[in-house]
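Here is data-v8.cif, consisting of mmCIF, C-alpha atoms and all ligand atoms:
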data_protein
loop_
_atom_site.label_atom_id
_atom_site.label_comp_id
_atom_site.auth_asym_id
_atom_site.auth_seq_id
_atom_site.Cartn_x
_atom_site.Cartn_y
_atom_site.Cartn_z
CA MET Q 1 105.00 118.12 84.56
CA PRO Q 2 105.27 114.45 85.56
CA THR Q 3 102.91 113.06 88.22
CA ARG Q 4 104.54 113.19 91.66
CA HIS Q 5 102.34 110.85 93.71
CA LEU Q 6 101.46 107.24 92.94
CA TYR Q 7 98.87 105.07 94.73
CA ILE Q 8 98.61 101.33 94.04
CA HIS Q 9 95.59 99.39 95.31
CA ILE Q 10 96.12 95.75 96.29
CA PRO Q 11 92.57 94.40 96.60
CA PHE Q 12 93.08 91.22 98.65
CA CYS Q 13 92.55 90.39 102.33
CA LEU Q 14 92.86 87.20 104.40
CA LYS Q 15 89.40 87.88 105.84
CA ALA Q 16 86.84 90.68 105.49
CA CYS Q 17 86.66 92.68 108.73
CA PRO Q 18 83.00 93.37 109.62
CA TYR Q 19 83.44 97.18 109.84
CA CYS Q 20 85.47 97.74 106.68
CA SER Q 21 84.18 99.07 103.37
CA PHE Q 22 87.47 99.30 101.47
CA PHE Q 23 87.35 97.53 98.13
CA LYS Q 24 88.81 94.03 98.58
CA GLU Q 25 88.36 90.33 97.79
CA VAL Q 26 88.96 87.44 100.14
CA GLY Q 27 90.98 84.70 98.47
CA GLY Q 28 91.38 85.37 94.77
CA ASP Q 29 94.20 84.61 92.38
CA HIS Q 30 97.08 87.10 92.64
CA THR Q 31 98.84 86.07 89.41
CA PRO Q 32 96.48 87.59 86.78
CA PHE Q 33 96.09 90.67 88.97
CA LEU Q 34 99.84 91.30 89.16
CA ASP Q 35 100.18 90.81 85.40
CA ALA Q 36 97.36 93.30 84.82
CA LEU Q 37 98.80 95.84 87.27
CA LEU Q 38 102.16 95.73 85.48
CA VAL Q 39 100.35 96.37 82.17
CA GLU Q 40 98.64 99.43 83.67
CA LEU Q 41 101.94 100.62 85.14
CA GLU Q 42 103.71 100.23 81.78
CA ARG Q 43 101.02 102.40 80.13
CA GLU Q 44 101.36 105.18 82.68
CA ALA Q 45 105.09 105.03 83.52
CA ALA Q 46 106.26 107.66 81.03
CA ASP Q 47 104.32 110.44 82.81
CA LEU Q 48 105.49 109.46 86.28
CA GLN Q 49 108.33 110.70 88.45
CA PRO Q 50 106.95 110.01 91.92
CA GLU Q 51 108.12 111.67 95.11
CA THR Q 52 105.79 109.38 97.05
CA ILE Q 53 104.39 105.89 96.42
CA PHE Q 54 101.69 104.34 98.60
CA PHE Q 55 100.65 100.68 98.41
CA GLY Q 56 97.23 100.49 100.05
CA GLY Q 57 94.39 98.07 100.19
CA GLY Q 58 93.08 95.68 101.00
CA THR Q 59 96.24 94.18 102.35
CA PRO Q 60 99.36 94.70 100.21
CA SER Q 61 101.41 92.53 102.60
CA ILE Q 62 99.26 89.51 101.66
CA LEU Q 63 101.45 89.17 98.55
CA SER Q 64 104.16 86.53 98.83
CA VAL Q 65 107.86 87.36 98.75
CA GLY Q 66 108.03 86.28 95.08
CA GLU Q 67 104.98 88.37 94.17
CA LEU Q 68 106.40 91.43 95.94
CA GLU Q 69 109.69 90.96 94.10
CA GLN Q 70 107.80 90.77 90.78
CA LEU Q 71 105.73 93.90 91.49
CA LEU Q 72 108.35 96.08 93.13
CA GLY Q 73 110.95 94.90 90.63
CA GLY Q 74 108.54 95.95 87.84
CA ILE Q 75 108.18 99.39 89.37
CA ARG Q 76 111.93 99.79 89.75
CA GLU Q 77 112.38 98.81 86.11
CA LYS Q 78 109.61 100.92 84.55
CA VAL Q 79 109.36 104.05 86.70
CA ASP Q 80 111.82 106.90 87.18
CA LEU Q 81 112.42 106.77 90.95
CA SER Q 82 115.08 109.49 91.06
CA ALA Q 83 112.76 111.90 92.96
CA LEU Q 84 111.33 109.30 95.36
CA THR Q 85 111.47 110.19 99.06
CA GLU Q 86 108.71 108.10 100.64
CA TRP Q 87 107.49 104.63 99.71
CA THR Q 88 104.81 103.28 102.05
CA LEU Q 89 103.29 99.80 102.15
CA GLU Q 90 100.31 98.80 104.31
CA MET Q 91 100.65 95.59 106.28
CA ASN Q 92 98.35 93.43 108.35
CA PRO Q 93 100.21 91.86 111.33
CA ALA Q 94 99.07 88.37 110.25
CA THR Q 95 101.05 88.67 107.01
CA VAL Q 96 104.45 89.92 108.19
CA SER Q 97 107.53 87.69 107.99
CA THR Q 98 111.24 88.37 108.37
CA GLU Q 99 111.93 87.53 104.74
CA LYS Q 100 109.12 89.78 103.49
CA ALA Q 101 110.28 92.69 105.65
CA GLU Q 102 113.86 92.30 104.43
CA VAL Q 103 112.83 92.09 100.77
CA LEU Q 104 110.60 95.16 101.04
CA HIS Q 105 113.36 97.12 102.72
CA SER Q 106 115.95 96.08 100.16
CA LEU Q 107 113.65 97.01 97.25
CA GLY Q 108 113.18 100.57 98.49
CA VAL Q 109 110.07 100.61 100.68
CA ASN Q 110 110.99 103.00 103.51
CA ARG Q 111 107.72 103.44 105.41
CA ILE Q 112 105.37 100.80 106.83
CA SER Q 113 101.79 101.37 107.92
CA MET Q 114 100.50 98.46 110.00
CA GLY Q 115 96.92 97.86 111.13
CA VAL Q 116 97.13 97.09 114.86
CA GLN Q 117 93.72 98.59 115.86
CA SER Q 118 93.97 97.51 119.52
CA TRP Q 119 96.26 95.64 121.90
CA GLU Q 120 93.29 94.22 123.80
CA PRO Q 121 92.45 90.61 122.80
CA ARG Q 122 88.76 91.23 123.57
CA ILE Q 123 88.57 94.24 121.22
CA LEU Q 124 90.47 92.44 118.47
CA GLU Q 125 87.80 89.76 118.71
CA VAL Q 126 84.95 92.29 118.52
CA LEU Q 127 86.65 93.72 115.42
CA GLY Q 128 86.96 90.25 113.90
CA ARG Q 129 90.69 90.72 113.26
CA VAL Q 130 92.72 87.77 111.97
CA HIS Q 131 95.72 88.47 114.20
CA SER Q 132 96.45 88.51 117.93
CA ALA Q 133 98.08 91.29 119.93
CA ARG Q 134 101.16 89.07 120.13
CA ASP Q 135 101.27 88.83 116.31
CA ALA Q 136 101.23 92.61 116.10
CA GLU Q 137 104.02 92.95 118.66
CA ASP Q 138 106.16 90.32 116.92
CA SER Q 139 105.52 91.93 113.52
CA HIS Q 140 106.54 95.33 114.81
CA ALA Q 141 109.80 93.83 116.15
CA ILE Q 142 110.45 92.10 112.80
CA LEU Q 143 109.98 95.39 110.94
CA ARG Q 144 112.39 97.24 113.23
CA GLU Q 145 114.89 94.40 112.92
CA ALA Q 146 114.68 94.62 109.11
CA GLY Q 147 115.69 98.28 109.33
CA PHE Q 148 112.39 100.20 109.06
CA ASP Q 149 112.76 103.49 110.91
CA ASN Q 150 109.50 105.06 109.75
CA ILE Q 151 106.52 103.08 111.01
CA ASN Q 152 102.87 104.05 111.35
CA LEU Q 153 100.47 102.06 113.47
CA ASP Q 154 96.70 102.26 112.81
CA LEU Q 155 94.46 102.19 115.89
CA MET Q 156 90.68 102.33 116.18
CA PHE Q 157 88.66 103.80 119.05
CA ALA Q 158 84.97 103.90 120.00
CA VAL Q 159 84.73 100.22 119.10
CA PRO Q 160 81.42 98.78 120.38
CA THR Q 161 81.78 97.69 124.06
CA GLN Q 162 85.30 99.20 124.34
CA THR Q 163 85.95 100.85 127.70
CA ARG Q 164 87.87 104.05 128.37
CA GLU Q 165 90.45 101.93 130.23
CA GLU Q 166 90.90 99.61 127.26
CA TRP Q 167 91.52 102.54 124.91
CA SER Q 168 93.92 104.10 127.39
CA ALA Q 169 95.82 100.79 127.69
CA THR Q 170 96.05 100.57 123.90
CA LEU Q 171 97.49 104.08 123.70
CA GLU Q 172 100.04 103.32 126.44
CA LYS Q 173 101.17 100.05 124.86
CA THR Q 174 101.52 101.81 121.50
CA LEU Q 175 103.55 104.67 122.97
CA ALA Q 176 105.89 102.14 124.57
CA LEU Q 177 106.77 100.93 121.04
CA ALA Q 178 107.59 104.52 119.98
CA PRO Q 179 106.28 104.49 116.40
CA GLU Q 180 107.14 107.54 114.28
CA HIS Q 181 103.49 108.02 113.29
CA LEU Q 182 100.07 107.06 114.62
CA SER Q 183 96.70 107.01 112.86
CA THR Q 184 93.87 106.93 115.39
CA TYR Q 185 90.53 106.39 113.69
CA CYS Q 186 87.17 106.79 115.36
CA LEU Q 187 85.18 103.76 114.21
CA THR Q 188 82.88 104.78 111.37
CA TYR Q 189 79.72 102.84 110.64
CA GLU Q 190 79.95 102.34 106.88
CA GLU Q 191 76.59 101.55 105.36
CA ASP Q 192 77.49 98.37 103.51
CA THR Q 193 79.07 96.61 106.51
CA ALA Q 194 77.91 94.11 109.12
CA PHE Q 195 78.84 96.60 111.89
CA PHE Q 196 76.43 99.16 110.48
CA HIS Q 197 73.50 96.77 110.88
CA ARG Q 198 74.61 95.41 114.24
CA PHE Q 199 75.84 98.47 116.10
CA GLN Q 200 74.96 101.72 114.36
CA SER Q 201 72.01 102.33 116.71
CA THR Q 202 74.35 102.10 119.74
CA ARG Q 203 76.53 104.99 118.54
CA ASN Q 204 77.30 107.51 121.28
CA ILE Q 205 78.76 110.77 120.03
CA ASP Q 206 79.66 112.12 123.49
CA TRP Q 207 81.62 108.98 124.24
CA GLU Q 208 83.44 109.25 120.88
CA ALA Q 209 84.27 112.88 121.73
CA ASP Q 210 85.61 111.87 125.15
CA LEU Q 211 87.93 109.21 123.65
CA PHE Q 212 89.03 111.64 120.90
CA GLU Q 213 89.98 114.31 123.46
CA MET Q 214 91.79 111.75 125.57
CA THR Q 215 93.77 110.70 122.47
CA LEU Q 216 94.80 114.29 121.66
CA ASP Q 217 95.86 114.89 125.27
CA ARG Q 218 97.90 111.73 125.65
CA LEU Q 219 99.60 111.77 122.25
CA GLY Q 220 100.32 115.50 122.54
CA GLU Q 221 101.93 114.89 125.95
CA ALA Q 222 104.07 112.18 124.35
CA GLY Q 223 105.39 114.56 121.67
CA TYR Q 224 103.19 113.70 118.70
CA GLU Q 225 101.88 116.54 116.55
CA PRO Q 226 98.20 116.06 115.59
CA TYR Q 227 98.80 117.37 112.06
CA GLU Q 228 95.46 116.02 110.82
CA ILE Q 229 92.34 115.02 112.76
CA SER Q 230 93.24 111.30 112.80
CA ASN Q 231 96.99 111.52 112.26
CA HIS Q 232 99.79 112.21 114.71
CA ALA Q 233 103.50 112.35 113.90
CA ARG Q 234 106.85 112.88 115.48
CA PRO Q 235 108.35 116.12 114.10
CA GLY Q 236 109.17 115.63 110.41
CA ARG Q 237 107.46 112.22 110.20
CA GLU Q 238 104.14 113.31 108.67
CA CYS Q 239 102.99 111.07 105.82
CA ARG Q 240 104.06 113.03 102.73
CA HIS Q 241 101.79 111.04 100.45
CA ASN Q 242 98.67 111.81 102.48
CA LEU Q 243 99.73 115.44 102.89
CA ALA Q 244 99.82 115.65 99.09
CA TYR Q 245 96.21 114.38 98.91
CA TRP Q 246 95.08 116.80 101.57
CA GLU Q 247 96.82 119.68 99.78
CA SER Q 248 94.90 118.71 96.62
CA ALA Q 249 98.00 117.72 94.63
CA ASP Q 250 97.60 115.56 91.52
CA TYR Q 251 98.07 111.81 91.99
CA LEU Q 252 97.76 108.67 89.89
CA GLY Q 253 95.95 105.62 91.29
CA LEU Q 254 96.48 102.18 89.78
CA GLY Q 255 94.56 98.94 90.38
CA PRO Q 256 90.85 98.15 90.73
CA SER Q 257 88.72 100.84 92.42
CA ALA Q 258 91.64 103.31 92.56
CA PHE Q 259 90.90 107.02 92.07
CA SER Q 260 93.22 109.47 90.29
CA THR Q 261 93.12 113.27 90.20
CA LEU Q 262 95.06 114.60 87.25
CA GLY Q 263 94.92 117.95 85.46
CA GLY Q 264 91.52 118.98 86.79
CA GLU Q 265 89.93 115.57 86.24
CA ARG Q 266 88.95 112.89 88.78
CA ARG Q 267 88.60 109.33 87.53
CA GLN Q 268 88.10 105.88 89.01
CA ASN Q 269 89.13 102.40 87.86
CA ILE Q 270 86.55 99.63 87.79
CA PRO Q 271 85.97 98.21 91.31
CA ASP Q 272 86.07 94.58 90.19
CA VAL Q 273 89.25 92.47 90.06
CA ALA Q 274 88.24 90.10 87.22
CA SER Q 275 86.96 92.92 84.98
CA TYR Q 276 90.03 95.02 85.76
CA CYS Q 277 92.32 92.14 84.69
CA GLN Q 278 90.27 91.47 81.56
CA ARG Q 279 90.33 95.12 80.51
CA MET Q 280 94.08 95.41 81.01
CA MET Q 281 94.80 92.25 79.05
CA ASN Q 282 92.48 93.36 76.18
CA GLY Q 283 94.25 96.70 75.91
CA GLU Q 284 91.17 98.55 77.18
CA SER Q 285 90.87 101.33 79.75
CA ALA Q 286 90.05 100.40 83.36
CA VAL Q 287 88.40 103.79 83.95
CA VAL Q 288 84.63 103.63 84.61
CA PHE Q 289 84.05 107.08 86.08
CA ARG Q 290 85.32 110.54 85.10
CA GLU Q 291 84.42 114.00 86.27
CA THR Q 292 85.88 117.39 85.53
CA LEU Q 293 86.60 119.24 88.75
CA ASN Q 294 85.27 122.75 88.41
CA GLU Q 295 86.65 125.63 90.43
CA SER Q 296 83.95 125.45 93.13
CA THR Q 297 84.40 121.68 93.68
CA ARG Q 298 88.16 122.14 93.94
CA ARG Q 299 87.73 124.95 96.43
CA ALA Q 300 85.25 122.94 98.55
CA GLU Q 301 87.75 120.06 98.66
CA ARG Q 302 90.64 122.35 99.56
CA ILE Q 303 88.57 123.76 102.44
CA ALA Q 304 87.32 120.36 103.70
CA PHE Q 305 90.82 118.80 103.65
CA GLY Q 306 92.48 122.00 104.89
CA LEU Q 307 90.19 122.24 107.90
CA ARG Q 308 91.05 118.68 108.90
CA MET Q 309 94.71 119.68 109.07
CA ASN Q 310 96.24 121.48 112.03
CA ARG Q 311 97.57 124.25 109.82
CA GLY Q 312 94.01 125.07 108.69
CA VAL Q 313 93.15 127.13 105.60
CA GLU Q 314 93.84 130.62 104.31
CA ARG Q 315 91.08 132.94 105.50
CA ALA Q 316 90.88 134.34 101.96
CA LEU Q 317 89.60 130.99 100.70
CA LEU Q 318 86.54 131.42 102.94
CA THR Q 319 85.72 134.99 101.86
CA PRO Q 320 82.37 134.07 100.19
CA TRP Q 321 81.13 132.67 103.53
CA ALA Q 322 82.20 135.55 105.81
CA SER Q 323 79.09 135.39 108.01
CA THR Q 324 79.40 131.59 108.53
CA VAL Q 325 83.07 132.05 109.46
CA GLU Q 326 82.14 134.74 112.03
CA GLU Q 327 79.45 132.44 113.44
CA TYR Q 328 81.87 129.48 113.76
CA LEU Q 329 84.48 131.77 115.36
CA SER Q 330 82.02 133.08 117.94
CA GLU Q 331 80.65 129.59 118.67
CA GLY Q 332 84.18 128.31 119.29
CA PHE Q 333 84.40 125.90 116.33
CA PHE Q 334 87.05 128.01 114.54
CA CYS Q 335 90.01 130.02 115.74
CA GLY Q 336 91.87 132.59 113.70
CA GLU Q 337 95.65 132.81 113.61
CA GLY Q 338 97.03 135.56 111.37
CA SER Q 339 95.75 134.95 107.88
CA ARG Q 340 94.68 131.37 108.67
CA ILE Q 341 91.58 129.74 110.11
CA ARG Q 342 91.84 126.52 112.09
CA LEU Q 343 89.44 124.19 113.84
CA THR Q 344 89.38 124.24 117.63
CA ARG Q 345 89.06 120.91 119.46
CA LYS Q 346 85.32 121.48 119.60
CA GLY Q 347 85.36 122.07 115.84
CA LYS Q 348 87.41 118.93 115.15
CA LEU Q 349 84.66 116.83 116.68
CA VAL Q 350 82.23 117.98 113.98
CA ALA Q 351 84.68 118.77 111.17
CA ASP Q 352 82.76 117.10 108.36
CA THR Q 353 79.49 118.83 109.28
CA LEU Q 354 81.20 122.23 109.47
CA ALA Q 355 82.86 121.71 106.07
CA GLU Q 356 79.44 121.15 104.47
CA ALA Q 357 78.73 124.88 104.83
CA PHE Q 358 81.47 125.71 102.31
CA VAL Q 359 80.21 123.79 99.28
C1 LIG Q 401 93.65 99.20 104.47
S1 LIG Q 401 93.52 99.08 106.20
C2 LIG Q 401 95.21 98.78 106.79
C3 LIG Q 401 95.97 97.54 106.35
C4 LIG Q 401 95.33 96.19 106.59
N1 LIG Q 401 94.31 95.97 105.63
C5 LIG Q 401 94.83 96.02 107.98
O1 LIG Q 401 93.66 96.20 108.20
O2 LIG Q 401 95.65 95.68 108.85
C6 LIG Q 401 93.36 100.78 106.64
C7 LIG Q 401 92.92 101.16 108.04
O3 LIG Q 401 91.65 101.79 107.99
C8 LIG Q 401 91.04 101.73 109.26
N2 LIG Q 401 89.62 101.45 109.06
C9 LIG Q 401 89.05 100.58 108.20
N3 LIG Q 401 87.71 100.62 108.30
C10 LIG Q 401 87.41 101.55 109.24
C11 LIG Q 401 86.19 102.05 109.81
N4 LIG Q 401 85.01 101.60 109.42
N5 LIG Q 401 86.28 103.02 110.76
C12 LIG Q 401 87.47 103.49 111.15
N6 LIG Q 401 88.65 103.05 110.67
C13 LIG Q 401 88.63 102.10 109.72
C14 LIG Q 401 91.76 100.64 110.05
O4 LIG Q 401 92.46 101.23 111.12
C15 LIG Q 401 92.72 100.06 109.03
O5 LIG Q 401 93.95 99.69 109.61
S1 LIG Q 402 90.54 96.54 107.73
FE1 LIG Q 402 92.24 95.89 106.46
S2 LIG Q 402 92.29 93.62 106.68
FE2 LIG Q 402 90.29 94.29 107.40
S3 LIG Q 402 88.99 94.07 105.57
FE3 LIG Q 402 89.67 96.23 105.68
S4 LIG Q 402 91.44 96.29 104.37
FE4 LIG Q 402 91.07 94.11 104.85
#
Same coordinates, now as structure tokens:
Amino acid sequence: MPTRHLYIHIPFCLKACPYCSFFKEVGGDHTPFLDALLVELEREAADLQPETIFFGGGTPSILSVGELEQLLGGIREKVDLSALTEWTLEMNPATVSTEKAEVLHSLGVNRISMGVQSWEPRILEVLGRVHSARDAEDSHAILREAGFDNINLDLMFAVPTQTREEWSATLEKTLALAPEHLSTYCLTYEEDTAFFHRFQSTRNIDWEADLFEMTLDRLGEAGYEPYEISNHARPGRECRHNLAYWESADYLGLGPSAFSTLGGERRQNIPDVASYCQRMMNGESAVVFRETLNESTRRAERIAFGLRMNRGVERALLTPWASTVEEYLSEGFFCGEGSRIRLTRKGKLVADTLAEAFV
């Protein structure tokens, strides 16, 4: 069976945001990286017939028009795209141009995920973003004008000093643009970031819960289905690529730091751009980590991802933990619907902690 889901990591950003722990470099030469990526793609292309492709980062839209033509052209040439239904590319509003949007659209990208985070200038400043609210609005208009009819906007809430009113205003402004999909992330304090050291001690879980509930209420009212804890879609506009991850499907990840899960094995490419390029050019493997996924790890992952989704998990999958399930049902963290178990709102607030019981 060919691999149906392809992830490509573009490890460059204009600036490192102080809360972000994704693998990326600021600056850096794109040319050797693109050459190396095309080498890796060439090696793997024969086993690929993707239904979904996702360009993530970092900031894929940092690539110039010529670089995007080289990379996407390479994919079109080497990979069988006859089964492709969704091709997403992540963009930062500071890197969107009319020409780029038109080229991406003409080369087959049909879904854009743009990092807006907030429409409040004050919050964008706290987050250290490189773009203004105006840039984000203009970029959104450019993408629509270029023909994109499947757009996700990323937003972040519980940002230090953010008020309830500011988050509400960001939701309202976003709804006015009518995106097909919204990712609303509660700010996470990642250990290796400046935010962790500056603000972690100010974290307020009740306040996070309040903003989360407000988000579910407002987006639900506006017709968005909260199909995963942080993801809301218009009917039929769920991200198919992410759904495949959450349903534990196999996927191939290319580029530095990228993970793959294939045939019961998880592996990761080296998280270093120069070493990745060197390895590719020397005909060596970029993989630096491998683990065989045994049945219990796979089940724990299926449960953890499944619980984050609105459809929940099959009750049968939880059979070995019957007493924990009963406890979570009676405490109002779980609800049962036919043969499925789902998280209640109260459960969603502590999803990761609840999932730890099923390892
Ligand atoms: C790869 S970035 C999106 C594209 C582009 N790099 C950008 O930032 O505009 C993925 C998204 O993850 C979210 N994110 C990153 N770090 C986060 C954190 N510490 N807590 C919550 N969300 C985070 C942001 O919403 C961001 O837009
Ligand atoms: S949030 Fe996006 S732009 Fe900021 S550092 Fe992370 S990947 Fe780069």
Which of Q:Glu228, Q:Gly220, Q:Val109, Q:Ala357 sits closest to Leu343 in chain Q [using all atoms listed in the file]: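 With all atoms listed in the file as the atom set, the closest residue is Q:Glu228.
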Among listed residues Q:Cys186, Q:Leu71, Q:Leu34, Q:Val96, nearest ligand LIG 401 (chain Q) (using all atoms listed in the file):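 So, comparing all the options, the nearest one is Q:Cys186.
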How big is the axis-aligned box, and where does its centre sit, when it encloses all atoms of ligand LIG 401 (chain Q) listed in the file and has 6 Å added on every side, reported in Å to one decimal as lines of an AutoDock Vina configuration file?
center_x = 90.5
center_y = 99.6
center_z = 107.8
size_x = 23.0
size_y = 19.8
size_z = 18.7
Distance criterion (all atoms listed in the file): nearest to ligand LIG 401 (chain Q) out of Q:Gly128, Q:Thr188, Q:Glu166, Q:Phe157: Q:Thr188
Can you tell me, as a short mmCIF file (atom, residue, chain, number, x, y, z; two decimals) with C-alpha atoms, keeping the file's coordinate frame, what residues are no more than 12 Å from Ala355 in chain Q when counting all atoms listed in the file, ignoring any on the same chain fewer than 2 positions away?
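Below you can see result15.cif, which holds the result:
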data_model
loop_
_atom_site.label_atom_id
_atom_site.label_comp_id
_atom_site.auth_asym_id
_atom_site.auth_seq_id
_atom_site.Cartn_x
_atom_site.Cartn_y
_atom_site.Cartn_z
CA ARG Q 299 87.73 124.95 96.43
CA ALA Q 300 85.25 122.94 98.55
CA GLU Q 301 87.75 120.06 98.66
CA ARG Q 302 90.64 122.35 99.56
CA ILE Q 303 88.57 123.76 102.44
CA ALA Q 304 87.32 120.36 103.70
CA PHE Q 305 90.82 118.80 103.65
CA GLY Q 306 92.48 122.00 104.89
CA LEU Q 307 90.19 122.24 107.90
CA ARG Q 308 91.05 118.68 108.90
CA GLY Q 312 94.01 125.07 108.69
CA VAL Q 313 93.15 127.13 105.60
CA LEU Q 318 86.54 131.42 102.94
CA TRP Q 321 81.13 132.67 103.53
CA THR Q 324 79.40 131.59 108.53
CA VAL Q 325 83.07 132.05 109.46
CA TYR Q 328 81.87 129.48 113.76
CA PHE Q 333 84.40 125.90 116.33
CA PHE Q 334 87.05 128.01 114.54
CA ARG Q 342 91.84 126.52 112.09
CA LEU Q 343 89.44 124.19 113.84
CA GLY Q 347 85.36 122.07 115.84
CA LYS Q 348 87.41 118.93 115.15
CA LEU Q 349 84.66 116.83 116.68
CA VAL Q 350 82.23 117.98 113.98
CA ALA Q 351 84.68 118.77 111.17
CA ASP Q 352 82.76 117.10 108.36
CA THR Q 353 79.49 118.83 109.28
CA ALA Q 357 78.73 124.88 104.83
CA PHE Q 358 81.47 125.71 102.31
CA VAL Q 359 80.21 123.79 99.28
#
Distance query Ser139 in chain Q at most 7 Å, all atoms listed in the file, self and fewer than 3 positions along chain excluded, as a ChimeraX atom specification: /Q:93,96,135-136,142-143
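Selecting all polymer residues at most 9 Å from ligand LIG 402 (chain Q), using all atoms listed in the file, gives Pro11, Phe12, Cys13, Leu14, Lys15, Ala16, Cys17, Pro18, Tyr19, Cys20, Ser21, Phe22, Phe23, Lys24, Glu25, Val26, Gly56, Gly57, Gly58, Thr59, Glu90, Met91, Asn92, Gly115, Gln117, Leu127, Gly128, Arg129 and Val130 of chain Q.
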Only C-alpha atoms, please: the residues just picked out, written as an mmCIF file, keeping the file's coordinate frame.
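For reference, result-v7.cif as written:
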data_model
loop_
_atom_site.group_PDB
_atom_site.id
_atom_site.type_symbol
_atom_site.label_atom_id
_atom_site.label_comp_id
_atom_site.auth_asym_id
_atom_site.auth_seq_id
_atom_site.Cartn_x
_atom_site.Cartn_y
_atom_site.Cartn_z
ATOM 1 C CA PRO Q 11 92.570 94.400 96.600
ATOM 2 C CA PHE Q 12 93.080 91.220 98.650
ATOM 3 C CA CYS Q 13 92.550 90.390 102.330
ATOM 4 C CA LEU Q 14 92.860 87.200 104.400
ATOM 5 C CA LYS Q 15 89.400 87.880 105.840
ATOM 6 C CA ALA Q 16 86.840 90.680 105.490
ATOM 7 C CA CYS Q 17 86.660 92.680 108.730
ATOM 8 C CA PRO Q 18 83.000 93.370 109.620
ATOM 9 C CA TYR Q 19 83.440 97.180 109.840
ATOM 10 C CA CYS Q 20 85.470 97.740 106.680
ATOM 11 C CA SER Q 21 84.180 99.070 103.370
ATOM 12 C CA PHE Q 22 87.470 99.300 101.470
ATOM 13 C CA PHE Q 23 87.350 97.530 98.130
ATOM 14 C CA LYS Q 24 88.810 94.030 98.580
ATOM 15 C CA GLU Q 25 88.360 90.330 97.790
ATOM 16 C CA VAL Q 26 88.960 87.440 100.140
ATOM 17 C CA GLY Q 56 97.230 100.490 100.050
ATOM 18 C CA GLY Q 57 94.390 98.070 100.190
ATOM 19 C CA GLY Q 58 93.080 95.680 101.000
ATOM 20 C CA THR Q 59 96.240 94.180 102.350
ATOM 21 C CA GLU Q 90 100.310 98.800 104.310
ATOM 22 C CA MET Q 91 100.650 95.590 106.280
ATOM 23 C CA ASN Q 92 98.350 93.430 108.350
ATOM 24 C CA GLY Q 115 96.920 97.860 111.130
ATOM 25 C CA GLN Q 117 93.720 98.590 115.860
ATOM 26 C CA LEU Q 127 86.650 93.720 115.420
ATOM 27 C CA GLY Q 128 86.960 90.250 113.900
ATOM 28 C CA ARG Q 129 90.690 90.720 113.260
ATOM 29 C CA VAL Q 130 92.720 87.770 111.970
#
Answer as number ranges by chain, residues within 10 Å of (99.2, 102.4, 91.7) using all atoms listed in the file: Q: 5-10, 37-38, 40-41, 44, 53-56, 75, 251-256, 258-260
Minimum-distance residue to Ala209 in chain Q, chosen among Q:Arg164, Q:Pro32, Q:Glu42, Q:Glu221 (using all atoms listed in the file):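 The closest residue to Ala209 in chain Q is Q:Arg164.
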Coordinates-based distance that separates CA of Leu216 in chain Q from CA of Leu354 in chain Q (Å, one decimal): 19.9 Å
Nearest residue to ligand LIG 401 (chain Q) from the set Q:Pro160, Q:Pro50, Q:Gly66, Q:Pro121 (distances using all atoms listed in the file):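 Ranking Q:Pro160, Q:Pro50, Q:Gly66, Q:Pro121 by distance to ligand LIG 401 (chain Q), first place goes to Q:Pro160.
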Of the listed residues Q:His105, Q:Arg267, Q:His131, Q:Lys346, that which approaches ligand LIG 401 (chain Q) most closely, counting all atoms listed in the file: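 Checking each of Q:His105, Q:Arg267, Q:His131, Q:Lys346 against ligand LIG 401 (chain Q), counting all atoms listed in the file, the winner is Q:His131.
CA of Ser82 in chain Q to CA of Glu67 in chain Q spans 23.6 Å [interatomic distance, one decimal].
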Gap from CA of Asp250 in chain Q to atom N1 of ligand LIG 401 (chain Q) - Å, one decimal: 24.4 Å
